[in-house]
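K.L.:
Have a peek at upload31.cif (mmCIF, C-alpha atoms).
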```cif
data_coords
loop_
_atom_site.label_atom_id
_atom_site.label_comp_id
_atom_site.auth_asym_id
_atom_site.auth_seq_id
_atom_site.Cartn_x
_atom_site.Cartn_y
_atom_site.Cartn_z
CA MET A 21 134.34 6.44 78.97
CA ASN A 22 137.84 7.87 79.39
CA ASN A 23 140.25 6.04 77.06
CA ASP A 24 143.12 7.10 79.27
CA ALA A 25 141.41 5.46 82.28
CA PHE A 26 143.47 3.35 84.64
CA ASP A 27 143.79 -0.33 83.61
CA ALA A 28 144.03 -2.28 86.85
CA GLN A 29 144.79 -5.57 85.09
CA ALA A 30 147.75 -4.13 83.19
CA PHE A 31 149.05 -2.25 86.23
CA PRO A 32 151.35 -4.93 87.77
CA ARG A 33 152.83 -5.84 84.38
CA ARG A 34 153.52 -2.19 83.54
CA ILE A 35 155.15 -1.64 86.93
CA TYR A 36 157.47 -4.62 86.39
CA GLU A 37 158.30 -3.38 82.90
CA MET A 38 159.20 0.01 84.37
CA LEU A 39 161.40 -1.68 86.95
CA VAL A 40 163.30 -3.61 84.26
CA LEU A 41 163.66 -0.53 82.05
CA GLY A 42 164.73 1.54 85.07
CA SER A 43 167.37 -1.01 85.98
CA LEU A 44 168.72 -1.09 82.41
CA ALA A 45 168.90 2.71 82.36
CA GLY A 46 171.89 2.24 84.68
CA GLY A 47 173.70 0.16 82.03
CA PRO A 48 173.50 -3.24 80.25
CA LYS A 49 172.93 -6.27 82.47
CA HIS A 50 172.33 -10.03 82.44
CA GLY A 51 168.83 -11.20 83.39
CA TYR A 52 169.76 -12.22 86.93
CA GLN A 53 171.66 -8.93 87.45
CA ILE A 54 168.49 -7.01 86.58
CA ALA A 55 166.58 -8.99 89.21
CA LEU A 56 169.28 -8.38 91.82
CA ASP A 57 169.57 -4.69 90.90
CA VAL A 58 165.82 -4.11 91.21
CA GLU A 59 165.73 -5.92 94.54
CA GLU A 60 168.71 -4.00 95.89
CA ARG A 61 167.52 -0.58 94.71
CA SER A 62 164.03 -1.16 96.10
CA GLY A 63 165.41 -2.29 99.46
CA GLY A 64 164.03 -5.78 98.91
CA TRP A 65 160.53 -4.47 98.15
CA PHE A 66 160.40 -5.76 94.57
CA VAL A 67 161.54 -9.35 94.05
CA LEU A 68 161.64 -10.47 90.42
CA GLN A 69 161.18 -14.22 90.08
CA TYR A 70 161.81 -16.15 86.86
CA GLY A 71 158.03 -16.14 86.29
CA THR A 72 157.94 -12.36 86.08
CA LEU A 73 161.43 -11.53 84.82
CA TYR A 74 161.85 -13.63 81.67
CA PRO A 75 158.45 -13.06 80.05
CA ILE A 76 158.94 -9.31 80.65
CA LEU A 77 162.45 -9.37 79.17
CA HIS A 78 161.30 -11.27 76.09
CA ARG A 79 158.21 -9.07 75.65
CA LEU A 80 160.24 -5.87 75.92
CA GLU A 81 162.81 -7.29 73.52
CA ALA A 82 160.08 -8.22 70.99
CA ALA A 83 158.68 -4.69 71.34
CA GLY A 84 162.14 -3.25 70.59
CA MET A 85 162.45 -1.48 73.96
CA ILE A 86 165.43 -3.51 75.03
CA GLU A 87 168.07 -5.34 73.03
CA GLY A 88 169.59 -8.66 73.98
CA GLU A 89 173.11 -9.48 72.81
CA TRP A 90 174.97 -12.72 73.30
CA SER A 91 178.53 -12.46 74.56
CA GLY A 92 181.17 -15.17 75.03
CA GLY A 93 181.24 -18.46 73.11
CA ASP A 94 184.03 -20.74 71.85
CA GLY A 95 183.41 -23.48 74.38
CA GLU A 96 182.53 -21.20 77.26
CA ARG A 97 178.96 -20.39 78.21
CA ARG A 98 177.40 -17.63 76.12
CA ARG A 99 175.64 -14.98 78.17
CA LYS A 100 172.83 -12.70 77.12
CA VAL A 101 173.24 -9.06 78.03
CA TYR A 102 170.29 -6.70 77.81
CA GLY A 103 170.56 -3.01 77.06
CA LEU A 104 168.05 -0.20 76.72
CA THR A 105 167.17 1.04 73.23
CA ALA A 106 166.09 4.57 72.24
CA GLU A 107 162.48 3.34 72.23
CA GLY A 108 163.00 1.92 75.69
CA ARG A 109 164.25 5.28 76.97
CA VAL A 110 161.13 6.98 75.61
CA GLU A 111 158.93 4.31 77.22
CA LEU A 112 160.79 4.70 80.51
CA SER A 113 160.29 8.44 80.50
CA GLN A 114 156.58 8.11 79.60
CA GLY A 115 156.21 5.32 82.12
CA SER A 116 157.71 7.43 84.90
CA GLU A 117 155.19 10.16 84.14
CA TRP A 118 152.42 7.57 84.12
CA VAL A 119 153.47 6.24 87.53
CA GLN A 120 153.49 9.81 88.91
CA ARG A 121 150.03 10.38 87.43
CA VAL A 122 148.69 7.17 89.00
CA LEU A 123 150.13 8.14 92.38
CA ARG A 124 148.71 11.68 92.16
CA ARG A 125 145.23 10.39 91.26
CA LEU A 126 145.41 7.77 93.98
CA SER A 127 146.45 10.25 96.66
CA HIS A 128 143.76 12.66 95.40
CA VAL A 129 141.11 9.97 95.90
CA LEU A 130 142.49 9.04 99.32
CA GLU A 131 142.72 12.67 100.45
CA ALA A 132 139.13 13.31 99.34
CA ARG A 133 138.02 10.33 101.40
CA ASP A 134 139.97 11.63 104.43
CA GLU A 135 138.35 15.06 104.03
CA ARG A 136 134.87 13.52 103.81
CA SER A 137 135.41 11.35 106.87
CA GLY A 138 136.83 14.43 108.71
CA THR A 139 133.72 16.46 107.81
CA SER A 140 131.28 13.74 108.79
CA GLY A 141 133.14 13.11 112.05
CA MET B 20 173.77 -34.31 86.91
CA SER B 21 174.52 -31.22 89.00
CA ASP B 22 171.79 -29.30 90.81
CA LEU B 23 172.34 -26.38 88.42
CA ALA B 24 171.83 -28.62 85.41
CA ARG B 25 168.68 -30.03 87.04
CA VAL B 26 167.11 -26.55 87.13
CA VAL B 27 167.71 -26.26 83.38
CA GLU B 28 166.40 -29.78 82.70
CA ARG B 29 163.22 -29.06 84.66
CA ALA B 30 162.80 -25.92 82.55
CA ARG B 31 163.32 -27.97 79.38
CA SER B 32 160.43 -30.28 80.19
CA ALA B 33 158.19 -27.43 81.38
CA LEU B 34 158.74 -25.09 78.44
CA GLU B 35 156.39 -25.72 75.51
CA VAL B 36 158.32 -23.21 73.41
CA PRO B 37 159.20 -24.13 69.81
CA TYR B 38 162.82 -24.58 68.72
CA PRO B 39 165.16 -22.78 68.10
CA ALA B 40 163.75 -20.20 70.60
CA LYS B 41 163.64 -22.92 73.27
CA ALA B 42 167.39 -23.57 73.02
CA MET B 43 168.04 -19.83 73.37
CA ILE B 44 165.83 -19.56 76.47
CA LEU B 45 167.50 -22.58 78.07
CA GLU B 46 170.94 -21.15 77.32
CA GLU B 47 169.94 -17.83 78.84
CA LEU B 48 168.47 -19.56 81.88
CA ALA B 49 171.60 -21.73 82.29
CA SER B 50 173.91 -18.70 82.22
CA ASP B 51 171.69 -16.83 84.70
CA VAL B 52 171.46 -19.87 86.98
CA GLU B 53 175.27 -20.03 87.09
CA GLY B 54 175.62 -16.27 87.52
CA LEU B 55 173.09 -16.13 90.35
CA TYR B 56 174.61 -19.19 92.03
CA GLY B 57 178.06 -17.50 91.88
CA HIS B 58 176.53 -14.34 93.34
CA TYR B 59 175.11 -16.16 96.36
CA ARG B 60 178.35 -18.09 96.88
CA ARG B 61 180.28 -14.79 96.88
CA LEU B 62 177.83 -13.51 99.50
CA GLY B 63 178.95 -16.41 101.72
CA HIS B 64 176.13 -18.92 101.17
CA ASP B 65 177.19 -22.57 101.24
CA GLU B 66 176.45 -24.73 98.16
CA VAL B 67 173.09 -26.02 99.38
CA SER B 68 171.86 -22.62 100.51
CA ALA B 69 173.05 -20.90 97.31
CA MET B 70 171.28 -23.57 95.25
CA ARG B 71 168.09 -23.16 97.27
CA GLU B 72 168.17 -19.39 96.61
CA VAL B 73 168.73 -19.95 92.90
CA GLU B 74 165.84 -22.42 92.69
CA SER B 75 163.51 -20.07 94.55
CA ARG B 76 164.36 -17.27 92.09
CA LEU B 77 164.82 -19.05 88.79
CA GLY B 78 162.75 -22.22 89.10
CA VAL B 79 160.30 -22.29 86.17
CA THR B 80 156.70 -22.03 87.30
CA ASP B 81 153.77 -23.20 85.16
CA HIS B 82 152.71 -19.58 84.78
CA ALA B 83 156.15 -18.49 83.52
CA ALA B 84 156.32 -21.46 81.13
CA GLU B 85 152.89 -20.59 79.70
CA GLU B 86 153.74 -16.89 79.34
CA LEU B 87 157.00 -17.68 77.52
CA ALA B 88 155.25 -20.23 75.32
CA GLU B 89 152.61 -17.66 74.40
CA LEU B 90 155.31 -15.10 73.56
CA HIS B 91 157.24 -17.45 71.29
CA ARG B 92 154.33 -19.36 69.76
CA PRO B 93 154.07 -18.90 65.96
CA LEU B 94 151.01 -17.06 64.61
CA TYR B 95 149.26 -20.27 63.46
CA ALA B 96 149.55 -21.86 66.92
CA ARG B 97 148.22 -18.69 68.57
CA LEU B 98 145.24 -18.57 66.18
CA VAL B 99 144.38 -22.25 66.65
CA ARG B 100 144.58 -21.88 70.44
CA ARG B 101 142.27 -18.89 70.26
CA TYR B 102 139.67 -20.16 67.79
CA ALA B 103 139.93 -23.97 67.88
CA ALA B 104 141.25 -24.81 71.34
CA GLY B 105 141.09 -28.58 71.95
CA ARG B 106 140.66 -29.30 68.24
CA GLU B 107 144.32 -28.82 67.26
CA VAL B 108 144.76 -32.44 66.05
CA ALA B 109 141.58 -32.34 63.97
CA VAL B 110 142.69 -29.08 62.32
CA GLU B 111 146.13 -30.55 61.55
CA VAL B 112 144.72 -33.79 60.11
CA GLY B 113 142.31 -31.74 58.01
CA LEU B 114 145.11 -29.55 56.65
CA LEU B 115 147.24 -32.63 55.92
CA LEU B 116 144.40 -34.33 54.03
CA VAL B 117 143.75 -31.19 51.97
CA THR B 118 147.49 -31.00 51.16
CA VAL B 119 147.68 -34.68 50.14
CA VAL B 120 144.57 -34.44 47.95
CA PHE B 121 145.75 -31.16 46.38
CA LEU B 122 149.30 -32.35 45.63
CA LEU B 123 148.25 -35.78 44.39
CA GLY B 124 145.45 -34.24 42.31
CA ALA B 125 147.78 -31.61 40.85
CA GLY B 126 150.33 -34.32 40.05
CA VAL B 127 147.79 -36.60 38.35
CA ALA B 128 146.31 -33.65 36.41
CA ALA B 129 149.72 -32.42 35.23
CA MET B 130 150.96 -35.88 34.28
CA THR B 131 147.70 -36.78 32.50
CA ARG B 132 147.88 -33.52 30.52
CA LEU B 133 151.45 -34.33 29.52
CA ARG B 134 150.35 -37.91 28.68
CA LEU B 135 152.90 -39.31 31.08
CA LEU B 136 150.57 -41.83 32.73
CA ASP B 137 150.54 -44.19 29.75
CA GLY B 138 149.79 -47.37 31.61
CA SER B 139 153.34 -48.44 32.44
CA LEU B 140 154.33 -48.69 36.08
CA LEU B 141 157.33 -46.38 36.36
CA PRO B 142 155.56 -43.03 35.66
CA TRP B 143 153.15 -43.98 38.46
CA VAL B 144 156.14 -44.63 40.73
CA VAL B 145 157.44 -41.15 39.79
CA LEU B 146 154.03 -39.64 40.56
CA VAL B 147 153.63 -41.35 43.94
CA ALA B 148 157.24 -40.74 45.05
CA ALA B 149 157.24 -37.09 43.91
CA SER B 150 153.85 -36.42 45.54
CA GLY B 151 155.11 -38.18 48.67
CA ALA B 152 158.23 -36.00 48.76
CA TRP B 153 156.10 -32.83 48.45
CA VAL B 154 153.63 -34.02 51.08
CA VAL B 155 156.39 -34.89 53.58
CA ALA B 156 158.19 -31.59 52.86
CA ALA B 157 154.95 -29.65 53.36
CA ALA B 158 154.02 -31.59 56.51
CA ARG B 159 157.49 -31.15 58.07
CA SER B 160 157.53 -27.42 57.17
CA PHE B 161 154.15 -27.09 58.81
CA ARG B 162 155.25 -28.85 62.00
CA ILE B 163 158.66 -27.16 62.30
CA VAL B 164 158.00 -23.64 61.02
CA VAL B 165 154.27 -22.91 60.98
CA ARG B 166 153.14 -24.73 64.14
CA GLY B 167 156.52 -24.83 65.88
CA GLU B 168 158.11 -27.98 67.32
CA THR B 169 158.98 -28.04 71.01
CA ARG B 170 161.09 -31.23 71.00
CA LEU B 171 164.33 -31.67 69.11
CA ASP B 172 163.85 -35.40 68.39
CA ARG B 173 160.44 -34.70 66.85
CA MET B 174 161.99 -31.97 64.65
CA ARG B 175 164.30 -34.48 62.99
CA ARG B 176 161.60 -37.16 62.57
CA GLY B 177 160.65 -38.04 58.99
CA LEU B 178 162.78 -35.40 57.28
CA ALA B 179 165.11 -38.00 55.72
CA ALA B 180 162.12 -39.28 53.72
CA VAL B 181 162.22 -36.12 51.55
CA PRO B 182 165.55 -36.79 49.76
CA VAL B 183 164.83 -40.54 49.69
CA LEU B 184 161.46 -40.06 47.93
CA SER B 185 163.00 -37.49 45.56
CA LEU B 186 165.75 -39.97 44.72
CA VAL B 187 163.16 -42.70 44.09
CA ALA B 188 161.25 -40.33 41.76
CA CYS B 189 164.43 -39.42 39.84
CA THR B 190 165.58 -43.05 39.61
CA ALA B 191 162.16 -44.18 38.37
CA ALA B 192 162.15 -41.37 35.78
CA VAL B 193 165.62 -42.37 34.50
CA LEU B 194 164.64 -46.06 34.41
CA SER B 195 161.41 -45.23 32.60
CA ALA B 196 163.36 -43.18 30.01
CA ALA B 197 165.86 -46.01 29.51
CA ILE B 198 163.20 -48.73 29.16
CA ASP B 199 161.14 -46.60 26.75
CA LEU B 200 164.27 -45.87 24.71
CA TYR B 201 165.04 -49.58 24.37
CA GLY B 202 161.42 -50.04 23.31
CA ALA B 203 161.68 -47.33 20.66
CA LEU B 204 165.05 -48.37 19.22
CA PRO B 205 164.07 -51.59 17.27
CA PRO B 206 161.42 -49.83 15.11
CA ALA B 207 163.92 -47.01 14.50
CA ASP B 208 166.50 -49.61 13.45
CA VAL B 209 164.07 -51.14 10.99
CA ALA B 210 163.21 -47.76 9.43
CA PRO B 211 166.27 -45.50 9.79
CA GLY B 212 164.68 -42.82 7.63
CA ARG B 213 161.86 -42.38 10.18
CA ALA B 214 164.11 -42.77 13.21
CA LEU B 215 163.68 -39.20 14.41
CA ALA B 216 159.90 -39.34 14.07
CA LEU B 217 159.83 -42.66 15.94
CA LEU B 218 162.07 -41.40 18.71
CA MET B 219 160.33 -38.03 19.18
CA PRO B 220 157.51 -39.36 21.43
CA TRP B 221 160.13 -41.08 23.61
CA LEU B 222 162.18 -37.87 23.73
CA ARG B 223 159.19 -35.73 24.80
CA HIS B 224 157.87 -38.31 27.26
CA SER B 225 161.30 -38.81 28.86
CA ALA B 226 162.09 -35.08 29.01
CA ASP B 227 158.73 -34.34 30.70
CA LEU B 228 159.07 -37.18 33.19
CA LEU B 229 162.68 -36.33 34.02
CA SER B 230 161.82 -32.63 34.35
CA ALA B 231 158.98 -33.42 36.77
CA ALA B 232 161.27 -35.63 38.86
CA LEU B 233 164.14 -33.11 38.82
CA ALA B 234 161.80 -30.19 39.67
CA THR B 235 160.54 -32.22 42.64
CA ALA B 236 164.10 -33.01 43.72
CA LEU B 237 165.11 -29.34 43.41
CA GLY B 238 162.01 -27.91 45.12
CA THR B 239 161.84 -30.39 47.97
CA GLY B 240 165.64 -30.21 48.26
CA ILE B 241 165.43 -26.48 48.95
CA VAL B 242 162.70 -27.07 51.57
CA TRP B 243 164.76 -29.90 53.11
CA PHE B 244 167.86 -27.66 53.26
CA LEU B 245 165.97 -24.80 54.94
CA LEU B 246 164.46 -27.17 57.50
CA LYS B 247 167.86 -28.78 58.14
CA THR B 248 169.32 -25.29 58.71
CA ARG B 249 166.62 -24.60 61.30
CA ILE B 250 167.23 -27.94 63.01
CA ALA B 251 170.99 -27.30 62.94
CA ALA B 252 170.43 -23.96 64.72
CA ALA B 253 168.46 -25.75 67.45
CA GLU B 254 171.13 -28.47 67.69
CA ARG B 255 173.89 -25.86 67.97
CA GLY B 256 172.03 -24.29 70.90
CA GLU B 257 171.68 -27.68 72.60
CA ARG B 258 175.38 -28.48 71.97
CA ARG B 259 176.45 -25.16 73.48
CA LEU B 260 174.29 -25.96 76.49
CA SER B 261 175.72 -29.44 77.04
CA ARG B 262 179.34 -28.36 76.26
CA ALA B 263 179.22 -25.58 78.85
CA ARG B 264 177.55 -28.00 81.31
CA ARG B 265 180.31 -30.60 80.79
CA GLY B 266 182.93 -27.88 81.26
CA ARG B 267 181.54 -27.15 84.70
CA SER B 268 180.84 -30.66 85.96
#
```
Starting from the file, give its structure as structure tokens.

P.N.:
Amino acid sequence: MNNDAFDAQAFPRRIYEMLVLGSLAGGPKHGYQIALDVEERSGGWFVLQYGTLYPILHRLEAAGMIEGEWSGGDGERRRKVYGLTAEGRVELSQGSEWVQRVLRRLSHVLEARDERSGTSG
Amino acid sequence: MSDLARVVERARSALEVPYPAKAMILEELASDVEGLYGHYRRLGHDEVSAMREVESRLGVTDHAAEELAELHRPLYARLVRRYAAGREVAVEVGLLLVTVVFLLGAGVAAMTRLRLLDGSLLPWVVLVAASGAWVVAAARSFRIVVRGETRLDRMRRGLAAVPVLSLVACTAAVLSAAIDLYGALPPADVAPGRALALLMPWLRHSADLLSAALATALGTGIVWFLLKTRIAAAERGERRLSRARRGRS
């Protein structure tokens, strides 16, 4: 069995992680700004709810791919700002390649199906 | 309570995340709730509509709460959930019983070896109070650090017993030393030439008993201080949350 085979269960999570890392590549942001940025840049295609956003942020932070820093204080509300780390940049670059590979394989499979149906028809 | 605060309060009851991580998550959520609300207001939404948008985006779902809890759960809690799901209470009671038996047994063994349990009451009081202080310190450390406590009021519960029991142990040790000394003085008065020999058993007995009580006070005091520091961190987070909330209401 191919160890590099596509993991369908991990696919959505990895895509959301890529979206968060991609958003942070544009500069540090608060959690809600990441959600808004992803939604805006995808033309409303990707909507990050709390349920997806915060677990991803905390997982990426635990993995050292992003770094959360608290700003403010002294009576005013502290705010957490996330930024991309060097590890996160590597992951983003590898992740982008992975997404391209998935799309290439997918289109390859779909094209092969089109060719077969064209031949049989 | 404002609608914004209600979103945070709902998250508080839904999140089974141990402190102090829980306070951090709530603080982060509160700042994002306010930021997102401000964003929608700037876009021209009225208060109700902006709030509805915020709730649809940042309302805590059961799935999100479970994922966050899993991420922040200490190793012990993750292992118990994996290998003994549904038997958490039994595992905890078992561990507590083992701790009580071990600490009490170790205490009795050490004090018997040092001949401190000579039949009078006070050394027994020292033994029970010192063992109690260690058991409470171990149990609270387990609940707060190893298993993780998700409610602030439960974090504080029972911790005051540690210094109280240590104080009882120390007081009983001092009283025991004083009573034994008064018991040893008359024979020493009668035979001043043998005073040192007559007082030596008292000296050794008292020094051992006091050392045991002081070691307990020192050891459990360090544990108590570390746990108080952890609780203080959680309380600071909660205070920041309520201070910022008051500032906006």

K.L.:
For the structure shown, which residues end up in the PyMOL selection byres ((chain A and resi 56) around 12)? Put them as a count of residues only, please?

P.N.:
34

K.L.:
Identify all residues satisfying the PyMOL selection byres ((chain B and resi 240) around 12) in the given file; provide them as a PyMOL selection string.

P.N.:
chain B and resi 149+152-153+155-157+178-186+232-239+241-247

K.L.:
Would you tabulate, counting all atoms listed in the file, all residues of chain B that have an atom at most 12 Å from an atom of chain A, showing the closest pair of atoms and their distance in Å to one decimal, sorted by chain then ascending number, as CSV?

P.N.:
```
residue,atom,partner,partner_atom,distance
B:Val26,CA,A:Tyr70,CA,11.7
B:Ala30,CA,A:Tyr70,CA,10.7
B:Leu34,CA,A:Gly71,CA,11.9
B:Ala40,CA,A:His78,CA,10.8
B:Met43,CA,A:Lys100,CA,9.4
B:Ile44,CA,A:Tyr74,CA,8.8
B:Leu45,CA,A:Arg99,CA,11.1
B:Glu46,CA,A:Arg98,CA,7.5
B:Glu47,CA,A:Lys100,CA,6.1
B:Leu48,CA,A:Gly51,CA,8.5
B:Ala49,CA,A:Arg97,CA,8.5
B:Ser50,CA,A:Arg99,CA,5.8
B:Asp51,CA,A:Tyr52,CA,5.5
B:Val52,CA,A:Tyr52,CA,7.8
B:Glu53,CA,A:Tyr52,CA,9.6
B:Gly54,CA,A:Tyr52,CA,7.1
B:Leu55,CA,A:Tyr52,CA,6.2
B:Tyr56,CA,A:Tyr52,CA,9.9
B:Gly57,CA,A:Tyr52,CA,11.0
B:His58,CA,A:Gln53,CA,9.4
B:Tyr59,CA,A:Leu56,CA,10.7
B:Glu72,CA,A:Gln69,CA,10.9
B:Val73,CA,A:Tyr52,CA,9.8
B:Glu74,CA,A:Tyr70,CA,9.5
B:Ser75,CA,A:Gln69,CA,7.7
B:Arg76,CA,A:Gln69,CA,4.8
B:Leu77,CA,A:Tyr70,CA,4.6
B:Gly78,CA,A:Tyr70,CA,6.5
B:Val79,CA,A:Tyr70,CA,6.4
B:Thr80,CA,A:Gly71,CA,6.1
B:Asp81,CA,A:Gly71,CA,8.3
B:His82,CA,A:Gly71,CA,6.5
B:Ala83,CA,A:Gly71,CA,4.1
B:Ala84,CA,A:Gly71,CA,7.6
B:Glu85,CA,A:Pro75,CA,9.4
B:Glu86,CA,A:Pro75,CA,6.1
B:Leu87,CA,A:Pro75,CA,5.5
B:Ala88,CA,A:Pro75,CA,9.2
B:Glu89,CA,A:Pro75,CA,9.3
B:Leu90,CA,A:Arg79,CA,7.0
B:His91,CA,A:His78,CA,8.8
B:Arg255,CA,A:Gly93,CA,11.6
B:Gly256,CA,A:Arg98,CA,10.0
B:Glu257,CA,A:Arg97,CA,11.7
B:Arg258,CA,A:Gly95,CA,9.8
B:Arg259,CA,A:Arg97,CA,7.2
B:Leu260,CA,A:Arg97,CA,7.5
B:Ser261,CA,A:Arg97,CA,9.7
B:Arg262,CA,A:Gly95,CA,6.6
B:Ala263,CA,A:Arg97,CA,5.2
B:Arg264,CA,A:Arg97,CA,8.3
B:Arg265,CA,A:Gly95,CA,10.1
B:Gly266,CA,A:Glu96,CA,7.8
B:Arg267,CA,A:Glu96,CA,9.6
```

K.L.:
Just to be explicit: take each residue in the selection above, keep C-alpha atoms, and write the result as a short mmCIF file (atom, residue, chain, number, x, y, z; two decimals), in the coordinates of the input.

P.N.:
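Dumped everything to out-v6.cif:
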```
data_model
loop_
_atom_site.label_atom_id
_atom_site.label_comp_id
_atom_site.auth_asym_id
_atom_site.auth_seq_id
_atom_site.Cartn_x
_atom_site.Cartn_y
_atom_site.Cartn_z
CA VAL B 26 167.11 -26.55 87.13
CA ALA B 30 162.80 -25.92 82.55
CA LEU B 34 158.74 -25.09 78.44
CA ALA B 40 163.75 -20.20 70.60
CA MET B 43 168.04 -19.83 73.37
CA ILE B 44 165.83 -19.56 76.47
CA LEU B 45 167.50 -22.58 78.07
CA GLU B 46 170.94 -21.15 77.32
CA GLU B 47 169.94 -17.83 78.84
CA LEU B 48 168.47 -19.56 81.88
CA ALA B 49 171.60 -21.73 82.29
CA SER B 50 173.91 -18.70 82.22
CA ASP B 51 171.69 -16.83 84.70
CA VAL B 52 171.46 -19.87 86.98
CA GLU B 53 175.27 -20.03 87.09
CA GLY B 54 175.62 -16.27 87.52
CA LEU B 55 173.09 -16.13 90.35
CA TYR B 56 174.61 -19.19 92.03
CA GLY B 57 178.06 -17.50 91.88
CA HIS B 58 176.53 -14.34 93.34
CA TYR B 59 175.11 -16.16 96.36
CA GLU B 72 168.17 -19.39 96.61
CA VAL B 73 168.73 -19.95 92.90
CA GLU B 74 165.84 -22.42 92.69
CA SER B 75 163.51 -20.07 94.55
CA ARG B 76 164.36 -17.27 92.09
CA LEU B 77 164.82 -19.05 88.79
CA GLY B 78 162.75 -22.22 89.10
CA VAL B 79 160.30 -22.29 86.17
CA THR B 80 156.70 -22.03 87.30
CA ASP B 81 153.77 -23.20 85.16
CA HIS B 82 152.71 -19.58 84.78
CA ALA B 83 156.15 -18.49 83.52
CA ALA B 84 156.32 -21.46 81.13
CA GLU B 85 152.89 -20.59 79.70
CA GLU B 86 153.74 -16.89 79.34
CA LEU B 87 157.00 -17.68 77.52
CA ALA B 88 155.25 -20.23 75.32
CA GLU B 89 152.61 -17.66 74.40
CA LEU B 90 155.31 -15.10 73.56
CA HIS B 91 157.24 -17.45 71.29
CA ARG B 255 173.89 -25.86 67.97
CA GLY B 256 172.03 -24.29 70.90
CA GLU B 257 171.68 -27.68 72.60
CA ARG B 258 175.38 -28.48 71.97
CA ARG B 259 176.45 -25.16 73.48
CA LEU B 260 174.29 -25.96 76.49
CA SER B 261 175.72 -29.44 77.04
CA ARG B 262 179.34 -28.36 76.26
CA ALA B 263 179.22 -25.58 78.85
CA ARG B 264 177.55 -28.00 81.31
CA ARG B 265 180.31 -30.60 80.79
CA GLY B 266 182.93 -27.88 81.26
CA ARG B 267 181.54 -27.15 84.70
#
```

K.L.:
Go ahead and compute the interatomic distance for CA of Leu141 in chain B and CA of Asp227 in chain B, in Å to one decimal.

P.N.:
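Answer for the CA of Leu141 in chain B to CA of Asp227 in chain B separation: 13.4 Å.
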
K.L.:
How far is it from CA of Thr190 in chain B to CA of Leu140 in chain B, in Å with one decimal?

P.N.:
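Interatomic distance, CA of Thr190 in chain B to CA of Leu140 in chain B: 13.1 Å.
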
K.L.:
To one decimal place, how far is CA of Glu111 in chain A from CA of Met38 in chain A in Å?

P.N.:
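We find that CA of Glu111 in chain A and CA of Met38 in chain A lie 8.3 Å from each other.
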
K.L.:
Considering all atoms listed in the file, state which residue in the set A:Ala132, A:Pro48, A:Val122, A:Arg34 is at the smallest distance from Ser91 in chain A.

P.N.:
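Under the stated criterion, the closest residue is A:Pro48.
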
K.L.:
For a quick check of understanding, using all atoms listed in the file, which of B:Val145, B:Ala129, B:Val99, B:Leu218 has the smallest distance to Pro206 in chain B?

P.N.:
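Once distances to Pro206 in chain B are computed over all atoms listed in the file, the minimum belongs to B:Leu218.
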
K.L.:
Evaluate the PyMOL selection byres ((chain B and resi 229) around 8) on the structure here and hand back the selected residues as a list of chain:residue names.

P.N.:
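The output of the PyMOL selection byres ((chain B and resi 229) around 8) on this file is B:Cys189, B:Ala192, B:Val193, B:Ala196, B:Ser225, B:Ala226, B:Asp227, B:Leu228, B:Ser230, B:Ala231, B:Ala232, B:Leu233.
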
K.L.:
For Leu41 in chain A, please output as a PyMOL selection string all residues within 8 Å (counting all atoms listed in the file; exclusion window: fewer than 6 positions along the same chain).

P.N.:
chain A and resi 86+104+108-109+112

K.L.:
Please provide the set of residues having any atom within 10 Å of range 123-127 of chain B, restricted to all atoms listed in the file, with same-chain residues fewer than 6 positions apart removed, written as number ranges by chain.

P.N.:
B: 117, 133, 135-136, 143, 145-147, 149-151, 153-154, 231
